Structure formats: structure tokens, C-alpha cells
Amino acid sequence: MVYILIAILIFGVLIAVHEFGHFLAAKACGVRVNEFSIGMGPQLFHKTKGDTEYSLRLLPIGGYCAMEGEDEDSDDDRALGRQVWWKKFIIFVAGAFMNFLTGLIIVICLYAGAQAFYTTEIVELNPDFPQQGEDGLMPGDTIYAINGERIYLKSDVSLIMGLGDTGTIDMTVLRDGKKFDRTLTRQVYTDENGKEYEAYGFTYGGIVEATPLLRLQYSWYQTMDYVRIVRLSLQMLLSGAAGVNDLSGPVGIVSTITEVGKETEAEAGFGAALESILYFAAMIAVNLAVMNLLPLPALDGGHVLFLLVNGIAVALFKKEIPSKYLNAINGIGFALLMALMLFVTFHDIVKLL
């Protein structure tokens, strides 16, 4: 039960942080905020300061930032719809920025006590590896990219090599500060017991002592890795490698957090379980940031897209697109998004039964 509550709290905090980003940006840009709420449902507490009502509501599942002129036309000079494009842009992306920043801060806190980090240094080559030497690979080379994907962490190597593995990889390595491109082919090798196996023939994974600067650097790498995971997941959806049935909604994520917590606690105690959940929370935060910036109606990225379309319309036709059409598109997008969420939630519940 405790992990279910933790999972719900994580969702609530991340959504509230997102809305707080919109709130801060709106206030900074001079936009009137009618209400800023932490939580949803019936009010437990509210206070009006200036022209903004601050609310605390019963259900800890997010919150909202209600801006003047956000969903309707308004004659108020401080209405969102009456602001210049760059102020709107800042307000629209601020929520995603706060989610990304939250994920980064969580990872920084988790890495604060790290004593060392694994690197992508090549530490050994199989004696039968055919491309040894200056024109191939050498121990001490650092893996920089594979198949065009930047390698940040040791775990990235196996992840990227496993994507559509054809038996050949294009690798970029760093050697004495210079980049070298290499093409490697999987070979058949023999282990010490005489058993044959297929591999690329190199062993990677050096260790470097953690310094304050390196902790920040690896925190950034881990956060960017979360961004890539979202991108790769979207690519798999678009290519058909994954389907809608592979998606998880809030119910599925809560179930996953609960399982991770229970399994980790059984193996290493509650402290380790909480640490694992925080890594998961950081990934969810970054996921929310990236997904919210997709150029789809009802998402922040959709609003940014409408800004661009409006800008083109003004440049070409000297006239903005009427807000009623944009609101209608947003309404349809929101309905479709809710339908998808209901489907995913129902699918998650069925999997749990």
C-alpha cells in the first residue's frame, strides 16, 4: 500500500510542478492568473491574493493554472490571448521545462553521494579481434557514438547495439581528444572452454572517480538518456515495432512502481527501494516534459505549433486564425487524448486482473 501512495504522490507532485511552471511564467509575463490550484476536486483551503485565488484541493493528483483568456476570448489586456507571441511561447513551454528540471534535480540528488562512475572506455579486445591497432580499436579508446546515437553512459552501448541489430555497427571512438569512425562486424569467437559464441570482440567499462563536476556531468547524461528513451519509444510506435497495447497509463505506471519497490525492498531494503523509485520518478518527469512538447492539439506543443501557424498566417495574409477554430481543434484533441487515456487505463486494469 505504501508504494501505491508513493506512486500517486509522485504523479501529483510532477503535475503540480508542471502547472507551477506555467504559473511562474504567466506571472513573469504579466498574464492574469485567475486560480492556481494544488490538487483536484473539492477545495480544502483557498486564499485570494491580488487577482489570483490560491487553492488546495482534496485529491493529490495534480493541479491547474487557470489563466485569463486561456480558453475563451477576453478584453482584459492581461489575458493570455492578447500577449505577444514570445510571451505565449515562454508560458507554453514553462511547464515542460519545470518537469525536465525536476527530473534533472532528482538525478543530481541521487548522484550526490556517488564515489565513482562507469565509463564507455574500451578496456580489452579479444586476441582474435581483427581490427586492432591505430586503424581499428585500441584499449583506452572511449566509445562516443554507435550508429549515429550519442553514447552517454555504459548502459547505452548494449541498448543501442541491440536496436535492430544487423551484425554490423558504425562506431565513433575518442582517442587523444580526436574522433575516429570504425565499422565493426560481429565475429565468431571461442571462449576458454572451447565453446563458440558471436560478439563484436571488445570489452568496455572503465571506472572514473566521481568529482563534483563529474557528478553534474553524469546527472546531465542520465537525464538526456531519459529523453532518448522517450524518443526511441515514439519511433517504435510510429514504425510499428510497438503498438498501443505496449503503452502504460497511470494505472500501469503505479503498478510498475509498486513492483519495483517491493522487489527492491525484498533484496536490499526500503532505502534502496526508495532510491529505485526516485530514478523512476526522474524518468517519468522527463517523459512528461517531452510528451507535453509534442506538436499535438491539447498539449503544450500543440499550442506552440498554433503559434507558428498563426505567425505564418499573419506573415502571408496579414490576419490571425480566429481563436474559435484553434479552441475547437484543441477540444477535439483533448477528447481524443482522453479516449486514448481511457483505453490505456482499461488495458492496464485488464492486465492486472
# chains A, B, ... in the order shown; residues from 1 in each chain; ligands from 1

call {"tool": "residues_around", "arguments": {"residues": "stretch 77-79 of chain A", "least_positions_apart": "6", "cutoff": "9 Å", "atoms": "only C-alpha atoms", "output": "list in words"}}
result
Gly30, Val31, Arg32, Val33, Met67, Glu68, Gly69 and Glu70 of chain A

call {"tool": "residues_around", "arguments": {"residues": "stretch 326-340 of chain A", "least_positions_apart": "2", "cutoff": "8 Å", "atoms": "only C-alpha atoms", "output": "PyMOL selection string"}}
result
chain A and resi 71-72+296-298+306+321-324+342-344

call {"tool": "select_by_dssp", "arguments": {"residues": "stretch 119-290 of chain A", "states": "strand (DSSP E)", "output": "PyMOL selection string"}}
result
chain A and resi 122-125+142-146+149-150+168-175+178-185+187-190+196-199+202-204+207-209

call {"tool": "atom_distance", "arguments": {"atom1": "atom CA of A:Glu275", "atom2": "atom CA of A:Cys109"}}
result
10.3 Å

call {"tool": "closest_residue", "arguments": {"among": "A:Asp191, A:Asp135, A:Glu209, A:Glu198", "to": "A:Tyr118", "atoms": "only C-alpha atoms"}}
result
A:Glu209
